[in-house]
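Chemist: Structure: work.cif, mmCIF, C-alpha atoms (C1' of nucleotides).
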data_my_file
loop_
_atom_site.label_atom_id
_atom_site.label_comp_id
_atom_site.auth_asym_id
_atom_site.auth_seq_id
_atom_site.Cartn_x
_atom_site.Cartn_y
_atom_site.Cartn_z
CA MET X 1 -9.10 17.52 -31.49
CA GLN X 2 -7.28 20.59 -32.74
CA GLN X 3 -6.69 21.48 -29.09
CA LEU X 4 -5.03 18.12 -28.55
CA LEU X 5 -2.71 18.50 -31.53
CA THR X 6 -1.84 22.06 -30.63
CA HIS X 7 -1.06 20.99 -27.10
CA ILE X 8 1.22 18.10 -27.94
CA THR X 9 3.08 19.87 -30.71
CA ASN X 10 4.09 22.27 -27.97
CA TYR X 11 6.00 19.36 -26.47
CA ALA X 12 7.78 18.47 -29.71
CA PRO X 13 7.19 19.03 -33.43
CA LEU X 14 5.21 16.38 -35.29
CA SER X 15 5.17 15.55 -38.99
CA ASN X 16 1.88 15.80 -40.84
CA GLU X 17 1.70 12.03 -41.21
CA ALA X 18 2.10 11.51 -37.52
CA GLN X 19 -0.51 14.15 -36.81
CA HIS X 20 -2.97 12.46 -39.11
CA ALA X 21 -2.26 9.08 -37.62
CA LEU X 22 -2.95 10.47 -34.18
CA GLN X 23 -6.16 12.12 -35.33
CA ASN X 24 -7.44 8.81 -36.58
CA CYS X 25 -6.58 6.96 -33.41
CA PHE X 26 -8.22 9.16 -30.79
CA GLU X 27 -11.91 8.64 -30.13
CA LYS X 28 -14.15 11.35 -28.79
CA ILE X 29 -15.99 10.68 -25.55
CA THR X 30 -18.59 12.79 -23.78
CA ILE X 31 -19.46 12.00 -20.19
CA ALA X 32 -21.81 13.49 -17.64
CA LYS X 33 -20.97 14.74 -14.16
CA HIS X 34 -20.64 12.10 -11.47
CA GLU X 35 -20.13 9.31 -14.01
CA PHE X 36 -17.04 7.09 -13.81
CA LEU X 37 -14.29 6.82 -16.39
CA LEU X 38 -12.75 3.96 -14.43
CA THR X 39 -13.64 1.98 -11.32
CA GLN X 40 -11.27 0.09 -9.08
CA GLY X 41 -10.61 -3.49 -10.13
CA GLN X 42 -10.85 -2.69 -13.83
CA VAL X 43 -7.79 -2.58 -16.02
CA CYS X 44 -7.38 0.91 -17.45
CA ARG X 45 -6.95 0.35 -21.17
CA TYR X 46 -7.07 3.98 -22.27
CA LEU X 47 -5.12 7.16 -22.08
CA TYR X 48 -7.41 10.19 -22.16
CA PHE X 49 -6.90 13.78 -23.15
CA LEU X 50 -9.28 16.10 -21.36
CA GLU X 51 -10.54 18.77 -23.75
CA LYS X 52 -13.21 20.29 -21.51
CA GLY X 53 -14.29 19.53 -17.98
CA ALA X 54 -12.87 18.29 -14.71
CA LEU X 55 -12.43 14.98 -12.93
CA ARG X 56 -10.80 13.39 -9.93
CA GLY X 57 -8.87 10.22 -9.12
CA PHE X 58 -9.61 8.61 -5.80
CA TYR X 59 -9.23 5.33 -3.97
CA ASN X 60 -10.81 3.78 -0.92
CA LEU X 61 -8.87 3.46 2.31
CA ASP X 62 -10.50 2.25 5.52
CA GLY X 63 -13.92 3.10 4.17
CA LYS X 64 -12.89 6.61 3.21
CA GLU X 65 -12.39 8.09 -0.22
CA ILE X 66 -8.91 9.50 -0.77
CA THR X 67 -8.82 11.96 -3.66
CA HIS X 68 -5.23 12.14 -4.82
CA TRP X 69 -5.38 14.02 -8.09
CA PHE X 70 -7.55 16.21 -10.28
CA GLY X 71 -7.65 16.59 -14.04
CA PHE X 72 -8.59 19.68 -16.02
CA GLU X 73 -8.45 21.02 -19.55
CA LYS X 74 -5.36 19.92 -21.54
CA ASP X 75 -4.39 17.22 -19.07
CA PHE X 76 -3.62 13.69 -20.08
CA VAL X 77 -5.40 11.49 -17.58
CA THR X 78 -5.42 7.79 -16.84
CA SER X 79 -4.72 5.51 -13.95
CA PHE X 80 -1.01 5.53 -14.72
CA HIS X 81 -0.20 2.44 -12.71
CA SER X 82 -2.95 0.39 -14.29
CA PHE X 83 -2.43 1.79 -17.79
CA ILE X 84 1.30 1.13 -17.70
CA THR X 85 1.22 -2.30 -16.11
CA GLN X 86 -2.22 -3.38 -17.39
CA GLU X 87 -3.01 -4.63 -13.91
CA ALA X 88 -6.27 -3.97 -12.06
CA ALA X 89 -6.62 -0.37 -10.95
CA VAL X 90 -6.77 0.50 -7.29
CA GLU X 91 -8.27 3.86 -8.09
CA ASN X 92 -11.47 5.31 -9.52
CA ILE X 93 -11.76 8.18 -11.95
CA GLN X 94 -14.93 10.20 -11.59
CA LEU X 95 -16.20 13.23 -13.47
CA LEU X 96 -16.55 16.42 -11.45
CA GLU X 97 -18.17 18.17 -14.40
CA GLY X 98 -19.68 17.07 -17.67
CA SER X 99 -16.63 16.61 -19.89
CA ILE X 100 -15.30 16.05 -23.37
CA LEU X 101 -12.37 13.66 -23.69
CA TRP X 102 -10.33 11.99 -26.39
CA ALA X 103 -9.35 8.38 -25.76
CA ILE X 104 -6.65 6.16 -27.20
CA SER X 105 -6.17 2.53 -26.26
CA LYS X 106 -2.87 1.16 -25.05
CA GLU X 107 -2.67 -1.21 -28.02
CA THR X 108 -3.24 1.55 -30.51
CA LEU X 109 -0.73 3.78 -28.82
CA THR X 110 1.84 0.99 -28.87
CA GLN X 111 1.27 0.56 -32.59
CA LEU X 112 1.80 4.28 -33.10
CA PHE X 113 5.04 4.04 -31.15
CA ASN X 114 6.22 1.33 -33.51
CA GLN X 115 5.25 3.28 -36.60
CA TYR X 116 6.37 6.75 -35.52
CA HIS X 117 9.50 7.32 -33.54
CA GLU X 118 8.38 10.93 -33.12
CA ILE X 119 5.21 9.86 -31.30
CA GLU X 120 7.17 7.74 -28.86
CA ARG X 121 9.45 10.74 -28.37
CA LEU X 122 6.41 12.82 -27.56
CA MET X 123 5.41 10.33 -24.92
CA ARG X 124 8.92 10.30 -23.48
CA ILE X 125 8.75 14.07 -23.16
CA ALA X 126 5.26 13.93 -21.69
CA TYR X 127 6.50 11.53 -19.03
CA GLU X 128 9.33 13.91 -18.23
CA LYS X 129 6.88 16.71 -17.65
CA TYR X 130 4.54 14.58 -15.60
CA TYR X 131 7.44 13.23 -13.59
CA ILE X 132 8.57 16.72 -12.64
CA ARG X 133 5.05 17.69 -11.73
CA LEU X 134 4.65 14.67 -9.50
CA GLU X 135 8.01 15.27 -7.89
CA GLU X 136 6.91 18.74 -6.88
CA ARG X 137 3.72 17.40 -5.41
CA PHE X 138 5.68 14.77 -3.54
CA VAL X 139 8.07 17.24 -1.95
CA ASN X 140 5.11 19.37 -1.04
CA ALA X 141 3.25 16.49 0.54
CA GLN X 142 6.14 15.12 2.51
CA PHE X 143 7.92 18.20 3.73
CA LYS X 144 5.42 21.05 4.03
CA THR X 145 2.83 21.84 6.68
CA ALA X 146 -0.89 21.80 5.98
CA SER X 147 -1.02 25.61 5.74
CA GLU X 148 1.93 25.72 3.38
CA ARG X 149 0.33 23.11 1.17
CA TYR X 150 -2.86 25.12 1.02
CA GLU X 151 -1.03 28.35 0.21
CA ASN X 152 0.86 26.51 -2.49
CA LEU X 153 -2.41 25.34 -3.96
CA LEU X 154 -3.68 28.91 -4.01
CA GLN X 155 -0.62 30.08 -5.89
CA GLN X 156 0.08 27.17 -8.20
CA THR X 157 -3.35 25.83 -9.05
CA PRO X 158 -6.01 28.37 -7.98
CA HIS X 159 -8.50 26.91 -10.49
CA ILE X 160 -8.82 23.88 -8.22
CA ILE X 161 -10.34 26.02 -5.49
CA GLU X 162 -12.88 27.42 -7.87
CA ARG X 163 -14.05 24.16 -9.39
CA VAL X 164 -13.73 21.47 -6.73
CA PRO X 165 -15.68 20.95 -3.46
CA LEU X 166 -13.58 21.63 -0.36
CA GLY X 167 -14.00 18.09 0.90
CA TYR X 168 -12.14 16.75 -2.09
CA ILE X 169 -9.52 19.46 -1.82
CA ALA X 170 -8.87 18.61 1.82
CA SER X 171 -8.32 15.00 0.84
CA TYR X 172 -6.05 16.08 -2.03
CA LEU X 173 -3.97 18.10 0.43
CA GLY X 174 -3.81 15.18 2.84
CA ILE X 175 -5.69 16.93 5.64
CA SER X 176 -9.14 16.67 7.20
CA GLN X 177 -11.93 18.85 5.93
CA GLU X 178 -12.14 20.53 9.33
CA THR X 179 -8.47 21.47 9.31
CA LEU X 180 -8.79 22.91 5.83
CA SER X 181 -11.77 24.94 6.92
CA ARG X 182 -9.78 26.36 9.84
CA ILE X 183 -6.79 27.16 7.67
CA ARG X 184 -9.02 29.01 5.23
CA SER X 185 -10.69 31.01 7.98
CA LYS X 186 -7.48 32.77 8.90
CA PHE X 187 -5.51 33.28 5.70
CA MET J 1 29.12 -1.93 -17.74
CA GLN J 2 27.76 -5.41 -18.34
CA GLN J 3 25.50 -4.86 -15.33
CA LEU J 4 24.10 -1.73 -16.95
CA LEU J 5 23.35 -3.47 -20.24
CA THR J 6 21.83 -6.46 -18.50
CA HIS J 7 19.65 -4.18 -16.45
CA ILE J 8 18.28 -2.09 -19.28
CA THR J 9 17.69 -4.98 -21.63
CA ASN J 10 15.33 -6.18 -18.95
CA TYR J 11 13.25 -3.13 -19.75
CA ALA J 12 13.21 -3.76 -23.48
CA PRO J 13 15.36 -5.69 -25.98
CA LEU J 14 18.21 -3.81 -27.63
CA SER J 15 19.99 -4.51 -30.90
CA ASN J 16 23.73 -5.12 -30.81
CA GLU J 17 24.41 -1.83 -32.53
CA ALA J 18 22.45 0.08 -29.94
CA GLN J 19 24.19 -1.80 -27.15
CA HIS J 20 27.58 -0.92 -28.57
CA ALA J 21 26.58 2.69 -29.02
CA LEU J 22 25.52 2.82 -25.40
CA GLN J 23 28.73 1.19 -24.24
CA ASN J 24 30.75 3.84 -25.99
CA CYS J 25 28.75 6.72 -24.56
CA PHE J 26 28.81 5.91 -20.85
CA GLU J 27 31.84 6.99 -18.89
CA LYS J 28 32.97 5.26 -15.73
CA ILE J 29 33.23 7.34 -12.56
CA THR J 30 34.54 6.36 -9.15
CA ILE J 31 33.77 8.61 -6.19
CA ALA J 32 34.57 8.46 -2.49
CA LYS J 33 32.16 8.60 0.42
CA HIS J 34 30.90 12.08 1.37
CA GLU J 35 31.85 13.56 -2.00
CA PHE J 36 29.24 15.36 -4.08
CA LEU J 37 27.99 14.34 -7.50
CA LEU J 38 26.02 17.57 -7.75
CA THR J 39 25.60 20.68 -5.64
CA GLN J 40 22.66 23.05 -5.66
CA GLY J 41 22.91 25.84 -8.20
CA GLN J 42 24.71 23.67 -10.75
CA VAL J 43 22.95 22.41 -13.83
CA CYS J 44 22.88 18.62 -13.78
CA ARG J 45 24.22 17.61 -17.19
CA TYR J 46 24.46 13.88 -16.58
CA LEU J 47 22.35 10.85 -16.05
CA TYR J 48 24.13 8.27 -13.89
CA PHE J 49 23.76 4.56 -13.50
CA LEU J 50 24.84 3.39 -10.06
CA GLU J 51 26.78 0.14 -10.36
CA LYS J 52 28.00 -0.11 -6.79
CA GLY J 53 27.43 2.09 -3.78
CA ALA J 54 24.82 4.36 -2.26
CA LEU J 55 23.96 8.05 -2.33
CA ARG J 56 21.33 10.52 -1.30
CA GLY J 57 19.57 13.54 -2.74
CA PHE J 58 18.88 16.41 -0.39
CA TYR J 59 18.05 20.09 -0.40
CA ASN J 60 18.22 22.86 2.16
CA LEU J 61 15.08 24.23 3.75
CA ASP J 62 15.20 26.77 6.59
CA GLY J 63 18.77 25.77 7.35
CA LYS J 64 17.94 22.08 7.52
CA GLU J 65 18.90 19.34 5.11
CA ILE J 66 15.92 17.49 3.68
CA THR J 67 16.90 14.10 2.28
CA HIS J 68 14.21 13.12 -0.20
CA TRP J 69 15.64 10.14 -2.02
CA PHE J 70 18.33 7.47 -1.93
CA GLY J 71 20.05 5.67 -4.75
CA PHE J 72 21.50 2.15 -4.71
CA GLU J 73 22.83 -0.47 -7.08
CA LYS J 74 21.08 -0.56 -10.47
CA ASP J 75 19.37 2.78 -9.99
CA PHE J 76 19.48 5.54 -12.54
CA VAL J 77 20.16 8.70 -10.61
CA THR J 78 20.21 12.38 -11.44
CA SER J 79 18.49 15.54 -10.36
CA PHE J 80 15.55 14.85 -12.62
CA HIS J 81 14.22 18.37 -12.60
CA SER J 82 17.58 19.89 -13.44
CA PHE J 83 18.55 17.19 -15.93
CA ILE J 84 15.26 17.46 -17.80
CA THR J 85 14.96 21.23 -17.83
CA GLN J 86 18.69 22.06 -17.74
CA GLU J 87 17.96 24.65 -15.08
CA ALA J 88 19.95 25.09 -11.88
CA ALA J 89 19.42 22.26 -9.43
CA VAL J 90 17.82 22.93 -6.06
CA GLU J 91 19.19 19.69 -4.72
CA ASN J 92 22.54 18.14 -3.88
CA ILE J 93 23.60 14.58 -4.55
CA GLN J 94 26.07 13.20 -2.03
CA LEU J 95 27.74 9.81 -1.77
CA LEU J 96 26.84 7.72 1.25
CA GLU J 97 29.43 5.11 0.30
CA GLY J 98 32.34 4.98 -2.07
CA SER J 99 30.66 4.23 -5.40
CA ILE J 100 31.10 3.23 -9.01
CA LEU J 101 28.88 5.00 -11.52
CA TRP J 102 28.45 5.27 -15.27
CA ALA J 103 27.64 8.71 -16.62
CA ILE J 104 26.10 9.89 -19.87
CA SER J 105 25.61 13.53 -20.76
CA LYS J 106 22.25 14.94 -21.80
CA GLU J 107 23.64 15.91 -25.21
CA THR J 108 25.02 12.45 -25.87
CA LEU J 109 21.80 10.84 -24.75
CA THR J 110 19.81 13.11 -27.04
CA GLN J 111 22.04 12.09 -29.94
CA LEU J 112 21.43 8.45 -29.12
CA PHE J 113 17.68 9.10 -29.11
CA ASN J 114 17.99 10.53 -32.60
CA GLN J 115 20.02 7.62 -33.87
CA TYR J 116 18.23 4.77 -32.15
CA HIS J 117 14.46 4.73 -31.73
CA GLU J 118 14.94 1.71 -29.46
CA ILE J 119 17.05 3.71 -27.02
CA GLU J 120 14.42 6.41 -26.76
CA ARG J 121 11.88 3.64 -26.20
CA LEU J 122 14.03 2.37 -23.37
CA MET J 123 13.97 5.79 -21.80
CA ARG J 124 10.21 6.04 -22.22
CA ILE J 125 9.85 2.73 -20.40
CA ALA J 126 12.30 3.78 -17.72
CA TYR J 127 10.24 6.90 -17.08
CA GLU J 128 7.13 4.77 -16.79
CA LYS J 129 8.77 2.69 -14.10
CA TYR J 130 10.14 5.67 -12.26
CA TYR J 131 6.78 7.42 -12.48
CA ILE J 132 5.01 4.48 -10.86
CA ARG J 133 7.65 4.31 -8.17
CA LEU J 134 7.28 7.99 -7.38
CA GLU J 135 3.49 7.74 -7.36
CA GLU J 136 3.70 5.07 -4.70
CA ARG J 137 6.00 7.21 -2.60
CA PHE J 138 3.67 10.15 -3.02
CA VAL J 139 0.59 8.28 -1.85
CA ASN J 140 2.61 6.98 1.04
CA ALA J 141 3.83 10.43 2.01
CA GLN J 142 0.51 12.17 1.75
CA PHE J 143 -1.91 9.65 3.14
CA LYS J 144 -0.11 7.39 5.61
CA THR J 145 0.94 7.98 9.22
CA ALA J 146 4.56 8.10 10.32
CA SER J 147 4.42 4.53 11.67
CA GLU J 148 2.84 3.22 8.50
CA ARG J 149 5.50 4.89 6.42
CA TYR J 150 8.22 3.29 8.51
CA GLU J 151 6.62 -0.17 8.31
CA ASN J 152 6.34 0.29 4.58
CA LEU J 153 10.02 1.11 4.42
CA LEU J 154 10.84 -2.05 6.35
CA GLN J 155 8.85 -4.16 3.93
CA GLN J 156 9.54 -2.48 0.62
CA THR J 157 13.11 -1.23 0.95
CA PRO J 158 14.73 -2.88 3.99
CA HIS J 159 18.20 -2.29 2.53
CA ILE J 160 17.78 1.40 3.30
CA ILE J 161 17.70 0.66 7.03
CA GLU J 162 20.90 -1.30 6.80
CA ARG J 163 22.91 1.20 4.83
CA VAL J 164 21.71 4.67 5.77
CA PRO J 165 22.03 6.62 9.06
CA LEU J 166 18.71 7.02 10.88
CA GLY J 167 18.86 10.79 10.69
CA TYR J 168 18.68 10.66 6.91
CA ILE J 169 15.97 8.03 7.01
CA ALA J 170 13.83 10.17 9.31
CA SER J 171 14.13 13.04 6.87
CA TYR J 172 13.31 10.71 3.97
CA LEU J 173 10.15 9.61 5.79
CA GLY J 174 9.22 13.20 6.52
CA ILE J 175 9.46 12.89 10.30
CA SER J 176 11.86 14.07 12.99
CA GLN J 177 14.69 11.85 14.09
CA GLU J 178 13.19 11.67 17.57
CA THR J 179 9.85 10.44 16.28
CA LEU J 180 11.56 7.79 14.19
CA SER J 181 13.52 6.65 17.21
CA ARG J 182 10.29 6.30 19.21
CA ILE J 183 8.53 4.42 16.44
CA ARG J 184 11.42 1.99 16.20
CA SER J 185 11.50 1.42 19.96
CA LYS J 186 8.04 -0.16 19.95
CA PHE J 187 7.72 -2.07 16.68
"C1'" DT Z 1 -40.60 30.04 -2.17
"C1'" DT Z 2 -40.40 26.08 0.78
"C1'" DT Z 3 -38.33 21.80 1.83
"C1'" DA Z 4 -34.79 18.48 1.62
"C1'" DT Z 5 -30.08 17.37 0.93
"C1'" DT Z 6 -25.37 18.28 0.73
"C1'" DT Z 7 -21.46 20.98 1.97
"C1'" DT Z 8 -18.97 23.77 5.15
"C1'" DT Z 9 -17.97 25.59 9.65
"C1'" DT Z 10 -17.39 25.53 14.66
"C1'" DG Z 11 -16.42 23.66 19.34
"C1'" DA Z 12 -14.41 20.40 22.54
"C1'" DC Z 13 -11.22 17.17 23.15
"C1'" DA Z 14 -7.75 13.48 21.85
"C1'" DA Z 15 -3.91 11.72 19.27
"C1'" DT Z 16 0.16 12.49 16.71
"C1'" DT Z 17 4.24 14.59 15.87
"C1'" DG Z 18 7.68 18.32 16.67
"C1'" DT Z 19 11.16 20.93 19.45
"C1'" DC Z 20 14.65 21.56 22.74
"C1'" DA Z 21 17.90 19.83 25.95
"C1'" DA Z 22 20.45 16.30 27.80
"C1'" DA Z 23 21.99 11.60 28.30
"C1'" DA Z 24 23.48 7.35 26.27
"C1'" DA Z 25 25.51 4.65 22.81
"C1'" DG Z 26 28.43 3.89 18.96
"C1'" DC Z 27 32.48 4.74 16.26
"C1'" DA Z 28 37.00 6.43 15.01
"C1'" DA Z 29 41.45 8.42 15.81
"C1'" DA Z 30 45.33 8.74 18.74
"C1'" DT A 1 42.50 1.60 25.85
"C1'" DT A 2 41.46 6.34 26.12
"C1'" DT A 3 39.66 10.44 24.14
"C1'" DG A 4 36.81 13.00 21.09
"C1'" DC A 5 33.18 13.21 17.82
"C1'" DT A 6 28.95 11.64 15.80
"C1'" DT A 7 24.70 9.27 16.05
"C1'" DT A 8 20.80 7.75 18.57
"C1'" DT A 9 17.71 7.72 22.43
"C1'" DT A 10 14.96 9.66 26.17
"C1'" DG A 11 12.19 13.13 28.77
"C1'" DA A 12 9.28 17.17 29.15
"C1'" DC A 13 6.47 20.04 26.94
"C1'" DA A 14 4.31 22.58 22.89
"C1'" DA A 15 2.24 22.81 18.40
"C1'" DT A 16 -0.27 20.70 14.81
"C1'" DT A 17 -3.74 18.06 13.13
"C1'" DG A 18 -7.53 14.63 13.66
"C1'" DT A 19 -12.11 12.99 15.38
"C1'" DC A 20 -16.74 13.34 16.69
"C1'" DA A 21 -20.91 15.89 17.12
"C1'" DA A 22 -23.65 19.58 16.09
"C1'" DA A 23 -24.78 23.97 13.95
"C1'" DA A 24 -24.75 26.92 9.99
"C1'" DA A 25 -24.60 27.80 5.19
"C1'" DA A 26 -25.14 26.62 0.53
"C1'" DT A 27 -27.31 24.07 -3.12
"C1'" DA A 28 -30.79 21.34 -5.31
"C1'" DA A 29 -35.47 19.61 -5.62
"C1'" DA A 30 -40.33 20.06 -5.10
#
Would you give me this structure, written as structure tokens?

Modeler:
Amino acid sequence: MQQLLTHITNYAPLSNEAQHALQNCFEKITIAKHEFLLTQGQVCRYLYFLEKGALRGFYNLDGKEITHWFGFEKDFVTSFHSFITQEAAVENIQLLEGSILWAISKETLTQLFNQYHEIERLMRIAYEKYYIRLEERFVNAQFKTASERYENLLQQTPHIIERVPLGYIASYLGISQETLSRIRSKF
Amino acid sequence: MQQLLTHITNYAPLSNEAQHALQNCFEKITIAKHEFLLTQGQVCRYLYFLEKGALRGFYNLDGKEITHWFGFEKDFVTSFHSFITQEAAVENIQLLEGSILWAISKETLTQLFNQYHEIERLMRIAYEKYYIRLEERFVNAQFKTASERYENLLQQTPHIIERVPLGYIASYLGISQETLSRIRSKF
DNA sequence: TTTATTTTTTGACAATTGTCAAAAAGCAAA
DNA sequence: TTTGCTTTTTGACAATTGTCAAAAAATAAA
């Protein structure tokens, strides 16, 4: 929990009252490897902060699993589309490692927004950061070759290589596992 | 200006005071076709609301222009990365048509956030919407074929086809102009 | 360790998309 | 209308990446 508070007060300062309110509203969750935090068709009611562990978001397309993001320590994770719209999720969230998370429901978070302007500000800033991050991934996906995307992964997020099976990484990079294997063999 | 207020109060309700404050802080801008709203290297100090017209965002890569987004009526446009971080922009924003915009500076917007919780809420909600939109584009870019991306464009944003030269659209879809031409010839 | 299962690599070939050059079509200015 | 410029299309060929099948390597279970 201290990790969570430390992390978000990096975004913006928070009064003690707001910090206490947050502390009371997050619930600790421990989940084992391979378990699911969310399965497609469910509405994602929670925003999670990942204290320890790793997980992936994936959806099914033509019978194949498409892994489109990973979460690690200090990440906020959720199915953003489902959490924001409260519609059924098209994606699944599955644990890659046994993990410790802190969860807050959408209703509770909305109440906190109403009570504390500074918490809503925090969320606005968090969205800014996540927007920029996604924009970089988008440009990468759309306008770079498979090799460039892999090299980028090595430089920007090397921890992914160390903690995630190559099959998922290939999917994440938008290439086949075979192509990834060939790229790796000649770097 | 009325269009702007109508649009944003669709996101969330706004008190009369906040509406008036907003009205006073946006500045009207009229720009001709082919002119630039931003060029790479500049810091983007403004967030713009596009009342009438069309524009594109592009950056240079290996001597080529990569068009990665378009803006049309009722869009908020800016170089998000530069506007958020206040670092030099890597992208250019160029008018595709003569346009009418409303501009607000980052400093002014920040002041409004401090004065009106409801305006910061509006921004939080706007980011949510823009995040979802970008996420859809990302999934499209990374995991769909060129033809699928074009069909998607036809269905989701047909106005782009009608108002933007095919060369820019090809770039936007992440394919060569020749490939786009061939895809179109057999739809 | 031995066996079973999963993950990763390799080979052969096919499909997709890109590049370069030139022609055709469209548009604007004179 | 004619001329010049820009945009779009077409052809030939090359490069990239995908698919399928099988082998090899790594990991987990007995």

Chemist: List the residues selected by the PyMOL selection byres ((chain Z) within 12 of (chain J)) in the file shown, writing them as a PDB file with C-alpha atoms (C1' of nucleotides), in the frame of the given file.

Modeler:
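Below you can see selection-v6.pdb, which holds the result:
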ATOM      1  C1'  DA Z  15      -3.910  11.720  19.270  1.00  0.00           C
ATOM      2  C1'  DT Z  16       0.160  12.490  16.710  1.00  0.00           C
ATOM      3  C1'  DT Z  17       4.240  14.590  15.870  1.00  0.00           C
ATOM      4  C1'  DG Z  18       7.680  18.320  16.670  1.00  0.00           C
ATOM      5  C1'  DT Z  19      11.160  20.930  19.450  1.00  0.00           C
ATOM      6  C1'  DC Z  20      14.650  21.560  22.740  1.00  0.00           C
TER       7       DC Z  20
END

Chemist: Find the nearest atom pair between each residue of chain J and chain X for residues within 6 Å, count all atoms listed in the file, give distances in Å to one decimal, sort rows by chain and ascending number, and present the table as JSON lines.

Modeler:
{"residue": "J:His81", "atom": "CA", "partner": "X:Ile132", "partner_atom": "CA", "distance": 5.9}
{"residue": "J:His117", "atom": "CA", "partner": "X:His117", "partner_atom": "CA", "distance": 5.9}
{"residue": "J:Arg124", "atom": "CA", "partner": "X:Arg124", "partner_atom": "CA", "distance": 4.6}
{"residue": "J:Tyr131", "atom": "CA", "partner": "X:Tyr131", "partner_atom": "CA", "distance": 6.0}
{"residue": "J:Ile132", "atom": "CA", "partner": "X:His81", "partner_atom": "CA", "distance": 5.9}
{"residue": "J:Phe138", "atom": "CA", "partner": "X:Phe138", "partner_atom": "CA", "distance": 5.1}
{"residue": "J:Ala141", "atom": "CA", "partner": "X:Gln142", "partner_atom": "CA", "distance": 5.3}
{"residue": "J:Gln142", "atom": "CA", "partner": "X:Ala141", "partner_atom": "CA", "distance": 5.3}
{"residue": "J:Phe143", "atom": "CA", "partner": "X:Gly174", "partner_atom": "CA", "distance": 5.9}
{"residue": "J:Gly174", "atom": "CA", "partner": "X:Gln142", "partner_atom": "CA", "distance": 5.4}

Chemist: Which residues of chain A have any atom within 12 Å of an atom in chain J when counting all atoms listed in the file, and what is the closest pair of atoms for each, with the distance in Å to one decimal? Order the rows by chain and rising number and write it as JSON lines.

Modeler:
{"residue": "A:DT6", "atom": "C1'", "partner": "J:Pro165", "partner_atom": "CA", "distance": 10.9}
{"residue": "A:DT7", "atom": "C1'", "partner": "J:Pro165", "partner_atom": "CA", "distance": 7.9}
{"residue": "A:DT8", "atom": "C1'", "partner": "J:Ser181", "partner_atom": "CA", "distance": 7.5}
{"residue": "A:DT9", "atom": "C1'", "partner": "J:Ser181", "partner_atom": "CA", "distance": 6.8}
{"residue": "A:DT10", "atom": "C1'", "partner": "J:Glu178", "partner_atom": "CA", "distance": 9.0}
{"residue": "A:DG11", "atom": "C1'", "partner": "J:Glu178", "partner_atom": "CA", "distance": 11.3}
{"residue": "A:DT17", "atom": "C1'", "partner": "J:Thr145", "partner_atom": "CA", "distance": 11.8}
{"residue": "A:DG18", "atom": "C1'", "partner": "J:Thr145", "partner_atom": "CA", "distance": 11.6}

Chemist: Please list as a ChimeraX atom specification every residue within 12 Å of stretch 25-34 of chain X, counting only C-alpha atoms (C1' of nucleotides) and excluding residues in the same chain fewer than 6 positions away.

Modeler: /X:1-2,4-5,18-19,46-56,92-112

Chemist: Taking the file as I've supplied it (selection: the PyMOL selection byres ((chain A and resi 5) around 12)), which residues are included? Please answer as a JSON list (two decimals) with C-alpha atoms (C1' of nucleotides), keeping the file's coordinate frame.

Modeler:
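This is the output file selection14.json:
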[["chain", "number", "residue", "atom", "x", "y", "z"],
["Z", 26, "DG", "C1'", 28.43, 3.89, 18.96],
["Z", 27, "DC", "C1'", 32.48, 4.74, 16.26],
["Z", 28, "DA", "C1'", 37.00, 6.43, 15.01],
["Z", 29, "DA", "C1'", 41.45, 8.42, 15.81],
["A", 3, "DT", "C1'", 39.66, 10.44, 24.14],
["A", 4, "DG", "C1'", 36.81, 13.00, 21.09],
["A", 6, "DT", "C1'", 28.95, 11.64, 15.80],
["A", 7, "DT", "C1'", 24.70, 9.27, 16.05]]

Chemist: Could you tell me how far atom CA of X:Val164 lies from atom CA of X:Thr39, in Å and to one decimal?

Modeler: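 These two atoms are separated by 20.0 Å.
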
Chemist: May I ask for the distance between atom C1' of Z:DT3 and atom C1' of A:DA30, given in Å to one decimal place?

Modeler: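 Distance reported for this atom pair: 7.4 Å.
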
Chemist: Find the residues around A:DA22 up to 12 Å (all atoms listed in the file counted), leave out those fewer than 3 positions away in its own chain, and share them as a ChimeraX atom specification.

Modeler: /Z:9-12

Chemist: Quick one: residues within 10 Å of (-28.1, 16.5, 0.2) (file frame), counting only C-alpha atoms (C1' of nucleotides), please, as a list of chain:residue names.

Modeler: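 Nearby residues: Z:DA4, Z:DT5, Z:DT6, Z:DT7, A:DT27, A:DA28, A:DA29.
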
Chemist: Would you put the residues from that selection into a file with C-alpha atoms (C1' of nucleotides), as a CSV table (one decimal), in the frame of the given file?

Modeler:
chain,number,residue,atom,x,y,z
Z,4,DA,C1',-34.8,18.5,1.6
Z,5,DT,C1',-30.1,17.4,0.9
Z,6,DT,C1',-25.4,18.3,0.7
Z,7,DT,C1',-21.5,21.0,2.0
A,27,DT,C1',-27.3,24.1,-3.1
A,28,DA,C1',-30.8,21.3,-5.3
A,29,DA,C1',-35.5,19.6,-5.6

Chemist: What does the distance from atom CA of X:Ser147 to atom C1' of A:DA15 come to in Å, to one decimal?

Modeler: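 Separation of atom CA of X:Ser147 and atom C1' of A:DA15: 13.4 Å.
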
Chemist: Extending 5 Å beyond the listed atoms of stretch 13-25 of chain Z on each side, what axis-aligned box results? I want centre and edge lengths in Å to one decimal, as lines of an AutoDock Vina configuration file.

Modeler:
center_x = 7.1
center_y = 13.1
center_z = 22.1
size_x = 46.7
size_y = 26.9
size_z = 22.4
